$ cat data_27.cif   # mmCIF, C-alpha atoms
data_run
loop_
_atom_site.label_atom_id
_atom_site.label_comp_id
_atom_site.auth_asym_id
_atom_site.auth_seq_id
_atom_site.Cartn_x
_atom_site.Cartn_y
_atom_site.Cartn_z
CA MET A 1 0.00 0.00 0.00
CA ALA A 2 1.03 3.56 -0.48
CA THR A 3 -0.16 7.11 -0.28
CA VAL A 4 -2.78 8.13 -2.78
CA SER A 5 -2.84 11.82 -3.58
CA LEU A 6 -5.13 13.83 -5.82
CA ARG A 7 -3.99 17.28 -6.88
CA GLY A 8 -6.19 19.83 -8.60
CA LEU A 9 -8.27 17.02 -10.03
CA THR A 10 -10.86 18.14 -12.59
CA LYS A 11 -13.31 16.20 -14.75
CA LYS A 12 -15.86 17.75 -17.05
CA PHE A 13 -18.80 16.10 -18.78
CA ALA A 14 -19.67 18.26 -21.77
CA GLU A 15 -19.07 21.66 -20.17
CA ALA A 16 -20.35 20.88 -16.68
CA ALA A 17 -17.60 20.20 -14.17
CA ALA A 18 -18.35 17.04 -12.19
CA VAL A 19 -15.17 17.34 -10.14
CA GLU A 20 -13.25 20.60 -10.03
CA ASP A 21 -9.83 21.35 -8.58
CA PHE A 22 -10.09 18.60 -5.96
CA ASP A 23 -7.18 17.98 -3.58
CA LEU A 24 -6.99 14.94 -1.32
CA GLU A 25 -4.23 13.07 0.42
CA ILE A 26 -4.89 9.53 1.63
CA SER A 27 -2.02 8.08 3.63
CA ASP A 28 -1.17 4.44 4.11
CA GLY A 29 -3.75 2.70 6.29
CA GLU A 30 -6.06 5.67 6.40
CA PHE A 31 -9.80 5.35 5.80
CA VAL A 32 -11.51 8.15 3.94
CA ALA A 33 -15.21 8.51 3.29
CA LEU A 34 -16.55 10.87 0.64
CA LEU A 35 -19.93 12.23 1.65
CA GLY A 36 -22.30 14.51 -0.18
CA PRO A 37 -25.65 14.83 -1.92
CA SER A 38 -26.42 12.93 -5.13
CA GLY A 39 -24.57 14.17 -8.16
CA CYS A 40 -21.80 15.96 -6.27
CA GLY A 41 -19.06 13.84 -7.82
CA LYS A 42 -18.38 11.00 -5.38
CA THR A 43 -18.70 8.26 -7.99
CA THR A 44 -16.82 10.28 -10.58
CA THR A 45 -13.95 10.72 -8.13
CA LEU A 46 -13.84 6.99 -7.45
CA ARG A 47 -13.93 6.17 -11.16
CA LEU A 48 -11.11 8.64 -11.72
CA ILE A 49 -9.01 6.99 -9.02
CA ALA A 50 -9.76 3.54 -10.48
CA GLY A 51 -8.71 4.68 -13.94
CA PHE A 52 -12.02 4.30 -15.79
CA LEU A 53 -12.02 8.02 -16.53
CA GLN A 54 -9.24 10.29 -17.64
CA PRO A 55 -9.09 13.64 -15.81
CA ASP A 56 -9.27 16.92 -17.71
CA GLY A 57 -6.94 18.59 -15.23
CA GLY A 58 -4.75 17.78 -12.24
CA GLU A 59 -3.22 14.41 -11.43
CA ILE A 60 -3.50 11.32 -9.27
CA ARG A 61 -0.40 9.78 -7.72
CA VAL A 62 0.03 6.46 -6.01
CA GLY A 63 3.26 6.76 -4.03
CA ASP A 64 5.55 8.63 -6.40
CA ARG A 65 3.96 7.33 -9.58
CA VAL A 66 1.53 9.44 -11.59
CA VAL A 67 -1.29 7.08 -12.60
CA SER A 68 -3.76 9.64 -14.00
CA SER A 69 -3.34 13.05 -15.59
CA PRO A 70 -4.61 14.65 -18.78
CA SER A 71 -1.69 13.00 -20.60
CA VAL A 72 -1.11 9.77 -18.63
CA LEU A 73 -3.63 7.02 -17.94
CA VAL A 74 -2.56 3.74 -16.40
CA PRO A 75 -5.37 1.31 -17.26
CA PRO A 76 -7.43 -0.02 -14.31
CA GLU A 77 -6.02 -3.54 -14.57
CA ARG A 78 -2.47 -2.33 -13.90
CA ARG A 79 -3.24 -0.31 -10.78
CA SER A 80 -3.55 -3.16 -8.25
CA MET A 81 -6.66 -1.61 -6.84
CA SER A 82 -10.07 -3.01 -6.04
CA MET A 83 -13.46 -1.50 -6.17
CA ILE A 84 -16.98 -2.46 -5.19
CA PHE A 85 -19.53 -1.06 -7.57
CA GLN A 86 -22.84 0.57 -6.83
CA SER A 87 -24.63 -2.24 -8.61
CA TYR A 88 -22.27 -4.83 -7.01
CA ALA A 89 -21.62 -6.05 -10.58
CA VAL A 90 -21.53 -9.71 -9.59
CA TRP A 91 -21.24 -11.76 -12.78
CA PRO A 92 -24.53 -13.62 -13.26
CA HIS A 93 -23.04 -16.43 -15.36
CA MET A 94 -20.54 -17.55 -12.72
CA THR A 95 -21.01 -19.19 -9.33
CA VAL A 96 -20.02 -17.40 -6.15
CA ALA A 97 -16.74 -19.33 -6.08
CA GLN A 98 -16.00 -18.56 -9.74
CA ASN A 99 -16.74 -14.88 -9.16
CA VAL A 100 -14.28 -14.72 -6.30
CA ALA A 101 -11.66 -16.81 -8.11
CA TYR A 102 -11.69 -14.78 -11.34
CA GLY A 103 -9.23 -12.10 -10.23
CA LEU A 104 -6.64 -14.71 -9.23
CA LYS A 105 -6.35 -15.86 -12.84
CA PHE A 106 -4.18 -12.82 -13.43
CA LYS A 107 -1.86 -13.40 -10.48
CA LYS A 108 0.94 -15.85 -10.90
CA TRP A 109 0.32 -17.52 -7.58
CA PRO A 110 0.59 -21.29 -7.18
CA ARG A 111 -2.65 -23.23 -7.32
CA HIS A 112 -2.97 -24.35 -3.70
CA GLU A 113 -2.16 -20.84 -2.49
CA SER A 114 -4.93 -19.40 -4.67
CA ASP A 115 -7.39 -22.00 -3.39
CA GLN A 116 -6.53 -21.11 0.18
CA LYS A 117 -7.02 -17.41 -0.49
CA ILE A 118 -10.41 -18.04 -2.10
CA ALA A 119 -11.52 -20.15 0.86
CA LYS A 120 -10.30 -17.49 3.26
CA ALA A 121 -12.12 -14.69 1.44
CA LEU A 122 -15.36 -16.70 1.33
CA ARG A 123 -15.04 -17.47 5.05
CA LEU A 124 -14.49 -13.79 5.80
CA VAL A 125 -17.83 -12.84 4.25
CA HIS A 126 -19.65 -15.97 5.55
CA LEU A 127 -20.49 -17.36 2.13
CA GLU A 128 -18.66 -20.73 2.25
CA SER A 129 -21.94 -22.65 2.24
CA LEU A 130 -23.25 -20.78 -0.82
CA LYS A 131 -20.17 -20.97 -3.00
CA GLU A 132 -21.78 -23.16 -5.69
CA ARG A 133 -24.81 -20.87 -6.07
CA TYR A 134 -25.42 -18.47 -8.91
CA PRO A 135 -25.97 -14.77 -8.13
CA SER A 136 -29.64 -14.93 -9.13
CA GLU A 137 -30.14 -17.23 -6.14
CA LEU A 138 -28.64 -14.78 -3.67
CA SER A 139 -30.13 -11.85 -1.78
CA GLY A 140 -28.86 -8.32 -2.34
CA GLY A 141 -26.75 -8.42 0.80
CA GLN A 142 -25.22 -11.75 -0.17
CA GLN A 143 -24.38 -10.39 -3.63
CA GLN A 144 -22.72 -7.42 -2.00
CA ARG A 145 -20.59 -9.79 0.08
CA VAL A 146 -19.56 -11.68 -3.06
CA ALA A 147 -18.39 -8.36 -4.51
CA LEU A 148 -16.48 -7.69 -1.29
CA ALA A 149 -14.77 -11.08 -1.31
CA ARG A 150 -13.93 -10.67 -5.00
CA ALA A 151 -12.37 -7.28 -4.30
CA LEU A 152 -10.32 -8.49 -1.30
CA VAL A 153 -9.04 -11.79 -2.65
CA VAL A 154 -6.64 -10.11 -5.09
CA GLU A 155 -4.92 -8.35 -2.16
CA PRO A 156 -5.09 -4.85 -3.61
CA MET B 1 -36.13 9.27 -39.79
CA ALA B 2 -38.19 11.64 -37.67
CA LEU B 3 -39.68 8.66 -35.86
CA ILE B 4 -36.25 7.25 -35.04
CA ALA B 5 -35.19 10.62 -33.66
CA LEU B 6 -38.36 10.77 -31.61
CA GLN B 7 -37.81 7.30 -30.20
CA LYS B 8 -34.27 8.19 -29.19
CA LYS B 9 -35.58 11.28 -27.46
CA ILE B 10 -38.22 9.41 -25.54
CA LEU B 11 -36.16 6.40 -24.54
CA GLY B 12 -32.64 7.71 -24.81
CA ARG B 13 -32.48 9.76 -21.66
CA ARG B 14 -33.27 6.96 -19.34
CA GLY B 15 -30.73 4.19 -18.91
CA PHE B 16 -31.77 0.72 -17.93
CA SER B 17 -29.92 -2.51 -17.57
CA THR B 18 -30.14 -5.83 -15.83
CA VAL B 19 -27.54 -6.62 -13.25
CA GLY B 20 -28.77 -9.36 -10.99
CA GLY B 21 -30.40 -11.40 -13.70
CA LYS B 22 -33.92 -11.03 -12.35
CA GLY B 23 -35.58 -9.53 -15.38
CA GLY B 24 -39.16 -9.81 -16.53
CA GLN B 25 -41.38 -12.29 -14.76
CA ARG B 26 -44.32 -14.19 -16.09
CA ARG B 27 -47.48 -14.26 -14.06
CA LEU B 28 -50.48 -16.55 -14.23
CA VAL B 29 -53.76 -14.70 -14.46
CA GLY B 30 -56.79 -16.53 -13.16
CA LEU B 31 -59.61 -16.34 -15.71
CA GLY B 32 -62.29 -18.32 -13.88
CA TRP B 33 -65.47 -18.79 -15.90
CA ALA B 34 -63.98 -16.92 -18.89
CA LYS B 35 -61.44 -19.69 -19.49
CA LEU B 36 -63.27 -21.53 -22.27
CA PRO B 37 -64.48 -18.52 -24.30
CA VAL B 38 -61.03 -16.94 -24.14
CA LEU B 39 -59.40 -20.20 -25.23
CA LEU B 40 -61.81 -20.43 -28.18
CA LEU B 41 -61.17 -16.82 -29.16
CA VAL B 42 -57.40 -17.34 -29.06
CA MET B 43 -57.67 -20.55 -31.07
CA PHE B 44 -59.91 -18.82 -33.60
CA VAL B 45 -57.38 -16.06 -34.19
CA LEU B 46 -54.56 -18.61 -34.38
CA ALA B 47 -56.58 -20.72 -36.79
CA LEU B 48 -57.16 -17.84 -39.17
CA SER B 49 -53.59 -16.64 -39.12
CA VAL B 50 -51.56 -19.81 -38.66
CA PHE B 51 -53.25 -23.18 -38.88
CA LEU B 52 -55.47 -22.68 -41.92
CA PRO B 53 -52.82 -21.21 -44.24
CA TYR B 54 -50.31 -23.90 -43.26
CA TRP B 55 -52.86 -26.64 -43.70
CA ILE B 56 -53.78 -25.31 -47.17
CA LEU B 57 -50.10 -25.18 -48.11
CA LEU B 58 -49.60 -28.77 -47.03
CA LYS B 59 -52.77 -29.87 -48.79
CA ALA B 60 -51.87 -28.09 -52.03
CA ALA B 61 -48.41 -29.59 -51.94
CA LEU B 62 -49.81 -33.11 -51.68
CA SER B 63 -52.78 -32.86 -54.09
CA LYS B 64 -53.13 -33.33 -57.80
CA ALA B 65 -55.85 -30.69 -57.84
CA TRP B 66 -55.52 -28.43 -54.85
CA ALA B 67 -59.15 -27.28 -54.80
CA LEU B 68 -60.47 -30.85 -54.42
CA PRO B 69 -60.57 -32.67 -51.06
CA LEU B 70 -57.38 -34.50 -50.20
CA ASP B 71 -58.03 -38.25 -50.50
CA TRP B 72 -56.09 -41.20 -51.94
CA ASP B 73 -57.20 -40.49 -55.53
CA ASN B 74 -56.06 -36.92 -55.25
CA PHE B 75 -52.82 -37.69 -53.39
CA THR B 76 -49.51 -37.19 -55.15
CA LEU B 77 -45.86 -36.52 -54.50
CA ASN B 78 -45.40 -35.13 -57.99
CA ASN B 79 -45.37 -31.56 -56.75
CA PHE B 80 -42.33 -32.36 -54.65
CA SER B 81 -40.45 -34.05 -57.46
CA PHE B 82 -41.42 -31.31 -59.91
CA ALA B 83 -40.46 -28.45 -57.60
CA LEU B 84 -37.29 -30.02 -56.28
CA PHE B 85 -35.92 -31.94 -59.27
CA GLN B 86 -37.59 -31.06 -62.58
CA PHE B 87 -38.02 -27.30 -62.35
CA SER B 88 -34.56 -26.22 -63.38
CA ASP B 89 -34.13 -23.17 -61.16
CA THR B 90 -35.04 -24.54 -57.77
CA GLN B 91 -31.95 -26.44 -56.68
CA ALA B 92 -29.63 -23.58 -57.53
CA ALA B 93 -32.07 -21.16 -55.89
CA ILE B 94 -32.16 -23.20 -52.68
CA VAL B 95 -28.37 -23.29 -52.55
CA ASN B 96 -28.19 -19.54 -53.25
CA THR B 97 -30.79 -18.74 -50.63
CA PHE B 98 -29.09 -20.63 -47.84
CA LYS B 99 -25.64 -19.48 -48.88
CA LEU B 100 -26.85 -15.88 -48.78
CA GLY B 101 -28.75 -16.48 -45.55
CA ILE B 102 -25.69 -17.82 -43.75
CA LEU B 103 -23.28 -15.25 -45.22
CA THR B 104 -25.54 -12.28 -44.52
CA ALA B 105 -26.50 -13.43 -41.06
CA THR B 106 -22.87 -13.99 -40.09
CA ALA B 107 -21.54 -10.75 -41.54
CA GLY B 108 -24.60 -8.82 -40.35
CA THR B 109 -24.29 -10.10 -36.79
CA LEU B 110 -20.60 -9.18 -36.70
CA VAL B 111 -21.20 -5.65 -37.97
CA ALA B 112 -24.29 -5.12 -35.83
CA THR B 113 -22.44 -6.37 -32.75
CA LEU B 114 -19.53 -4.05 -33.40
CA ILE B 115 -21.74 -0.99 -33.93
CA ALA B 116 -23.98 -1.83 -31.00
CA TYR B 117 -21.00 -2.29 -28.69
CA ILE B 118 -19.37 0.95 -29.79
CA THR B 119 -22.53 3.04 -29.46
CA ASN B 120 -23.54 1.39 -26.23
CA ARG B 121 -20.22 1.85 -24.48
CA ASN B 122 -19.65 5.24 -26.14
CA LEU B 123 -16.14 4.24 -27.17
CA PHE B 124 -15.47 7.44 -29.08
CA PRO B 125 -17.16 10.84 -29.26
CA GLY B 126 -20.01 11.08 -31.72
CA SER B 127 -20.45 7.30 -31.84
CA ARG B 128 -24.14 7.79 -31.13
CA PHE B 129 -24.55 8.86 -34.75
CA LEU B 130 -23.72 5.32 -35.83
CA THR B 131 -27.12 4.34 -34.45
CA PHE B 132 -28.78 6.48 -37.11
CA PHE B 133 -26.84 4.82 -39.90
CA ALA B 134 -27.60 1.37 -38.58
CA LEU B 135 -31.32 2.07 -38.30
CA ALA B 136 -31.70 4.18 -41.46
CA PRO B 137 -32.40 1.24 -43.84
CA LEU B 138 -35.59 0.65 -41.87
CA VAL B 139 -37.27 3.62 -43.54
CA ILE B 140 -36.02 2.91 -47.07
CA PRO B 141 -38.43 0.72 -49.04
CA GLY B 142 -36.78 -2.46 -50.36
CA VAL B 143 -37.56 -1.59 -53.95
CA VAL B 144 -35.95 1.84 -53.63
CA LEU B 145 -32.87 0.33 -52.03
CA ALA B 146 -32.67 -2.21 -54.83
CA VAL B 147 -32.86 0.43 -57.55
CA GLY B 148 -30.12 2.42 -55.87
CA LEU B 149 -27.83 -0.60 -55.59
CA PHE B 150 -28.64 -1.60 -59.15
CA ILE B 151 -27.51 1.78 -60.49
CA VAL B 152 -24.35 1.84 -58.37
CA TYR B 153 -23.17 -1.70 -59.01
CA THR B 154 -23.94 -2.08 -62.71
CA GLN B 155 -21.19 0.32 -63.68
CA PRO B 156 -17.48 0.55 -62.90
CA PRO B 157 -15.58 0.71 -60.61
CA ILE B 158 -17.49 -2.06 -58.86
CA VAL B 159 -19.70 -4.32 -60.94
CA LEU B 160 -21.61 -6.75 -58.77
CA TYR B 161 -24.78 -7.14 -60.79
CA GLY B 162 -25.23 -10.67 -62.07
CA THR B 163 -23.55 -12.22 -59.02
CA ILE B 164 -25.01 -13.12 -55.66
CA TRP B 165 -22.83 -10.43 -54.08
CA ILE B 166 -25.18 -7.63 -55.02
CA LEU B 167 -27.89 -9.54 -53.16
CA PHE B 168 -25.49 -9.96 -50.25
CA VAL B 169 -24.93 -6.19 -50.07
CA ALA B 170 -28.65 -5.52 -50.39
CA TYR B 171 -29.65 -8.04 -47.71
CA LEU B 172 -26.93 -6.84 -45.39
CA THR B 173 -28.23 -3.28 -45.69
CA LYS B 174 -31.85 -4.24 -45.39
CA GLU B 175 -31.43 -6.52 -42.37
CA MET B 176 -28.97 -4.30 -40.51
CA PRO B 177 -31.67 -2.54 -38.41
CA VAL B 178 -33.02 -5.90 -37.25
CA GLY B 179 -29.63 -7.22 -36.23
CA PHE B 180 -28.60 -3.92 -34.71
CA ALA B 181 -31.76 -3.56 -32.63
CA GLN B 182 -31.26 -7.05 -31.25
CA ALA B 183 -27.55 -6.57 -30.56
CA GLU B 184 -28.16 -3.17 -29.00
CA SER B 185 -30.74 -4.43 -26.55
CA THR B 186 -28.37 -7.26 -25.70
CA PHE B 187 -25.57 -4.90 -24.75
CA LYS B 188 -27.96 -2.51 -23.02
CA SER B 189 -28.88 -5.33 -20.71
CA ILE B 190 -25.25 -5.93 -19.72
CA HIS B 191 -24.28 -3.26 -17.23
CA THR B 192 -20.94 -1.55 -17.92
CA GLU B 193 -19.94 -2.13 -14.33
CA LEU B 194 -19.82 -5.87 -14.98
CA GLU B 195 -16.91 -5.20 -17.33
CA ASP B 196 -15.37 -2.57 -15.09
CA ALA B 197 -15.41 -5.02 -12.20
CA SER B 198 -13.19 -7.43 -14.08
CA ARG B 199 -10.85 -4.67 -15.27
CA ILE B 200 -10.16 -3.40 -11.76
CA ILE B 201 -9.05 -6.82 -10.53
CA GLY B 202 -6.63 -7.37 -13.35
CA ALA B 203 -8.32 -8.26 -16.66
CA ASN B 204 -7.49 -6.11 -19.67
CA ARG B 205 -10.18 -4.96 -22.06
CA LEU B 206 -9.94 -8.00 -24.33
CA MET B 207 -10.00 -10.49 -21.47
CA SER B 208 -13.04 -8.92 -19.87
CA LEU B 209 -14.74 -8.98 -23.26
CA LYS B 210 -13.98 -12.68 -23.60
CA ASP B 211 -14.74 -13.78 -20.03
CA ILE B 212 -17.58 -11.47 -19.04
CA THR B 213 -19.28 -9.76 -21.97
CA ALA B 214 -19.15 -12.55 -24.55
CA PRO B 215 -20.80 -15.27 -22.41
CA LEU B 216 -23.51 -12.84 -21.28
CA ALA B 217 -24.19 -11.57 -24.80
CA ARG B 218 -24.05 -14.96 -26.52
CA SER B 219 -27.71 -15.93 -26.62
CA GLY B 220 -28.80 -12.41 -27.61
CA LEU B 221 -26.36 -12.38 -30.49
CA ILE B 222 -27.36 -15.85 -31.66
CA ALA B 223 -30.92 -14.54 -31.75
CA ALA B 224 -29.70 -11.62 -33.89
CA TRP B 225 -28.13 -14.11 -36.32
CA CYS B 226 -31.37 -16.04 -36.62
CA PHE B 227 -33.51 -12.94 -37.13
CA ILE B 228 -31.27 -11.86 -40.01
CA PHE B 229 -31.20 -15.37 -41.48
CA ILE B 230 -34.97 -15.71 -41.44
CA GLY B 231 -35.35 -12.20 -42.84
CA VAL B 232 -33.03 -13.04 -45.73
CA ILE B 233 -34.52 -16.35 -46.80
CA ARG B 234 -38.00 -14.81 -47.14
CA GLU B 235 -36.89 -11.55 -48.80
CA LEU B 236 -38.65 -10.66 -52.08
CA SER B 237 -38.85 -6.90 -52.65
CA VAL B 238 -35.10 -6.45 -53.10
CA SER B 239 -34.40 -9.84 -54.66
CA ILE B 240 -36.97 -9.44 -57.41
CA LEU B 241 -35.09 -6.46 -58.83
CA LEU B 242 -31.53 -7.63 -58.29
CA PHE B 243 -31.52 -11.30 -59.26
CA ALA B 244 -29.88 -12.50 -62.44
CA PRO B 245 -30.47 -15.86 -64.12
CA ASN B 246 -27.59 -17.46 -62.21
CA SER B 247 -28.40 -15.81 -58.87
CA LYS B 248 -32.05 -16.64 -58.33
CA VAL B 249 -33.27 -17.20 -54.80
CA VAL B 250 -36.23 -19.19 -53.49
CA SER B 251 -38.57 -16.21 -53.16
CA VAL B 252 -37.94 -15.27 -56.80
CA VAL B 253 -38.58 -18.85 -57.90
CA ILE B 254 -41.86 -18.80 -56.00
CA PHE B 255 -42.76 -15.62 -57.84
CA ASP B 256 -41.89 -17.28 -61.19
CA LEU B 257 -44.01 -20.31 -60.32
CA LYS B 258 -46.90 -18.04 -59.41
CA GLU B 259 -46.69 -16.50 -62.89
CA GLU B 260 -46.96 -20.02 -64.30
CA GLY B 261 -49.83 -20.90 -61.98
CA GLN B 262 -47.96 -23.77 -60.34
CA ILE B 263 -49.75 -23.63 -57.00
CA GLY B 264 -48.63 -27.12 -55.99
CA ALA B 265 -44.96 -26.38 -56.56
CA ILE B 266 -45.26 -23.03 -54.75
CA SER B 267 -46.67 -24.87 -51.76
CA VAL B 268 -43.70 -27.19 -51.74
CA MET B 269 -41.27 -24.27 -51.72
CA GLY B 270 -43.34 -22.53 -49.08
CA ILE B 271 -43.25 -25.57 -46.85
CA LEU B 272 -39.51 -25.80 -47.34
CA LEU B 273 -38.99 -22.20 -46.18
CA LEU B 274 -41.40 -22.68 -43.29
CA ALA B 275 -39.69 -25.85 -42.16
CA VAL B 276 -36.27 -24.21 -42.15
CA SER B 277 -37.55 -21.14 -40.29
CA PHE B 278 -39.24 -23.38 -37.73
CA VAL B 279 -36.13 -25.43 -37.14
CA ILE B 280 -34.11 -22.23 -36.65
CA VAL B 281 -36.62 -20.68 -34.27
CA LEU B 282 -36.91 -23.89 -32.25
CA GLY B 283 -33.13 -24.19 -32.17
CA VAL B 284 -32.87 -20.68 -30.76
CA ARG B 285 -35.54 -21.34 -28.14
CA TRP B 286 -33.74 -24.50 -27.12
CA MET B 287 -30.42 -22.72 -26.83
CA MET B 288 -31.91 -19.88 -24.80
CA ASP B 289 -33.66 -22.28 -22.48
CA ARG B 290 -30.41 -24.10 -21.94
CA ASP B 291 -28.76 -20.78 -21.14
CA VAL B 292 -31.32 -20.09 -18.43
CA VAL B 293 -30.87 -23.58 -17.02
CA ALA B 294 -27.12 -23.05 -16.86
CA THR B 295 -27.60 -20.08 -14.55
CA ARG B 296 -30.03 -21.92 -12.32
CA GLU B 297 -28.39 -25.23 -11.58
#
$ encode --input "data_27.cif" --output "structure tokens"
Amino acid sequence: MATVSLRGLTKKFAEAAAVEDFDLEISDGEFVALLGPSGCGKTTTLRLIAGFLQPDGGEIRVGDRVVSSPSVLVPPERRSMSMIFQSYAVWPHMTVAQNVAYGLKFKKWPRHESDQKIAKALRLVHLESLKERYPSELSGGQQQRVALARALVVEP
Amino acid sequence: MALIALQKKILGRRGFSTVGGKGGQRRLVGLGWAKLPVLLLVMFVLALSVFLPYWILLKAALSKAWALPLDWDNFTLNNFSFALFQFSDTQAAIVNTFKLGILTATAGTLVATLIAYITNRNLFPGSRFLTFFALAPLVIPGVVLAVGLFIVYTQPPIVLYGTIWILFVAYLTKEMPVGFAQAESTFKSIHTELEDASRIIGANRLMSLKDITAPLARSGLIAAWCFIFIGVIRELSVSILLFAPNSKVVSVVIFDLKEEGQIGAISVMGILLLAVSFVIVLGVRWMMDRDVVATRE
């Protein structure tokens, strides 16, 4: 983990600024919550940090590395981050276990280690008994926990 | 054109997509005493529009004289042998029709998928305008389209008239709105966040397309293929103007036979088209059902 810092971050949709000149410093181990009314730019800020959007001004650094600026954009898959989406975005065509395991495909960890990590993540969110179910057979809260396990298992 | 713009205005501002996979639900409605009358009414409508025409087709195909009752004296398979073996155009026309059906459906699905994906995910600015181009053929009458293509492709630099390729271009244009509408609603139902979720934990764009989007879009896109295929094999308004002696298709042959008054042979060709369409539709239903089962086990 490292310090995440946003400096003068700006994002415009058409001409309306969704995020304007936003500064934030998140140190290692610190928890930060963004609060505000609907449409004030919380989601846009998160999507900027994750790399789904390119800023129109300012920059985002992780440690010393610039990951987002109007000229630089490290794609989301190379940022070693995780995110839980508003819609949870649990994949409906995979079981709970497959959902959680998917991210480990891209890590070069040995098989038994991956299996252990999946089991641990499922235990953490109390879903071990439901791991062969499909998302359509889960409640909203259970789906949210699948998304949580999926986000944690890759050790962001 | 104005109608398309209007539809975009009405629907376009609201976004909707399925995430959890709990979409539309069917509901049983208790009818009580009205059960029998309603059943009769439904059957009556079905009979007029479906059963009677099909029955007549089958009867005409199997009779010597199609206006007489079908009994053993009147029964014959001659219509089949005439239509399929003696009438010189039919075999080539059947081959052409299915060749064009498969080619157009495959190419059309690919193009429609590409356009639908680009417009749906807004991959570059102004991509929304592609929607207009994809839907525009809907408002152009087939005959007008055919005349336009005829004029363009009978003179250099590109001469396609006289080959099946001019039909291919025409069908592709004509069926594009159908394929596009199907592909678009498929992608609309797959929330962008499903893709984003795989990107953030390490999949690049191509991998998330392959692992997440493709499996979820598969049945919708297969349906698009079938809609185009069925549209092509029954097409007449464009074909009738663009065929050449060596590129006849089944619908044109049916038209020829009608000119000759060969009702029996027409029925045979009609049954052939119907049978193929049925098999395709049933195949799609079966595949979609299997898809649902796969997510429920």
$ axis_aligned_box --input "data_27.cif" --around "region 152-155 of chain B" --padding-each-side "6 Å" --output "lines of an AutoDock Vina configuration file"
center_x = -22.8
center_y = -0.1
center_z = -61.0
size_x = 15.2
size_y = 15.9
size_z = 17.3
$ residues_around --input "data_27.cif" --residues "Ile115 (chain B)" --least-positions-apart "5" --cutoff "8 Å" --atoms "all atoms listed in the file" --output "MDAnalysis selection string"
chainID B and resid 130:131 134 180
$ resolve_selection --input "data_27.cif" --expression "the PyMOL selection byres ((chain B and resi 154-161) around 12)" --output "list in words"
Ala146, Val147, Gly148, Leu149, Phe150, Ile151, Val152, Tyr153, Gly162, Thr163, Ile164, Trp165, Ile166, Leu167, Phe168, Val169, Ala170, Ser239, Leu241, Leu242, Phe243, Ala244, Pro245, Asn246 and Ser247 of chain B
$ resolve_selection --input "data_27.cif" --expression "the PyMOL selection byres ((chain A) within 9 of (chain B))" --output "PyMOL selection string"
chain A and resi 50-52+75-95+102-107+133-137+140+143+147+150-151+154+156
$ residues_around --input "data_27.cif" --residues "Val95 (chain B)" --least-positions-apart "4" --cutoff "10 Å" --atoms "all atoms listed in the file" --output "list in words"
Thr90, Gln91, Lys99, Leu100, Gly101, Ser247, Lys248, Val249 and Val250 of chain B
$ residues_around --input "data_27.cif" --residues "Arg61 (chain A)" --least-positions-apart "2" --cutoff "7 Å" --atoms "only C-alpha atoms" --output "list in words"
Val4, Ser5, Leu6, Glu59, Gly63, Asp64, Arg65, Val66 and Val67 of chain A
$ write_last_selection --input "data_27.cif" --atoms "C-alpha atoms" --output "PDB file, in the coordinates of the input"
ATOM      1  CA  VAL A   4      -2.780   8.130  -2.780  1.00  0.00           C
ATOM      2  CA  SER A   5      -2.840  11.820  -3.580  1.00  0.00           C
ATOM      3  CA  LEU A   6      -5.130  13.830  -5.820  1.00  0.00           C
ATOM      4  CA  GLU A  59      -3.220  14.410 -11.430  1.00  0.00           C
ATOM      5  CA  GLY A  63       3.260   6.760  -4.030  1.00  0.00           C
ATOM      6  CA  ASP A  64       5.550   8.630  -6.400  1.00  0.00           C
ATOM      7  CA  ARG A  65       3.960   7.330  -9.580  1.00  0.00           C
ATOM      8  CA  VAL A  66       1.530   9.440 -11.590  1.00  0.00           C
ATOM      9  CA  VAL A  67      -1.290   7.080 -12.600  1.00  0.00           C
TER      10      VAL A  67
END
$ resolve_selection --input "data_27.cif" --expression "the PyMOL selection byres ((chain B and resi 224) around 9)" --output "list of chain:residue names"
B:Ala105, B:Gly108, B:Thr109, B:Ala112, B:Val178, B:Gly179, B:Phe180, B:Ala181, B:Gln182, B:Ala183, B:Ser219, B:Gly220, B:Leu221, B:Ile222, B:Ala223, B:Trp225, B:Cys226, B:Phe227, B:Ile228, B:Phe229
$ closest_residue --input "data_27.cif" --among "A:Thr3, A:Ser129, A:Ser114, A:Asn99" --to "Val146 (chain A)" --atoms "all atoms listed in the file"
A:Asn99
$ residues_around --input "data_27.cif" --residues "region 53-62 of chain B" --least-positions-apart "5" --cutoff "6 Å" --atoms "all atoms listed in the file" --output "MDAnalysis selection string"
chainID B and resid 75:77 264 267:268
$ atom_distance --input "data_27.cif" --atom1 "CA of Val125 (chain A)" --atom2 "CA of Glu113 (chain A)"
18.8 Å
$ atom_distance --input "data_27.cif" --atom1 "CA of Ala275 (chain B)" --atom2 "CA of Thr173 (chain B)"
25.6 Å
$ atom_distance --input "data_27.cif" --atom1 "CA of Lys188 (chain B)" --atom2 "CA of Leu114 (chain B)"
13.5 Å
$ residues_around --input "data_27.cif" --residues "Leu53 (chain A)" --least-positions-apart "4" --cutoff "9 Å" --atoms "only C-alpha atoms" --output "VMD selection string"
chain A and resid 11 44 47 to 49 68 73
$ closest_residue --input "data_27.cif" --among "A:Asp28, A:Gly39, A:Phe22, A:Thr10" --to "Asp56 (chain A)" --atoms "only C-alpha atoms"
A:Thr10
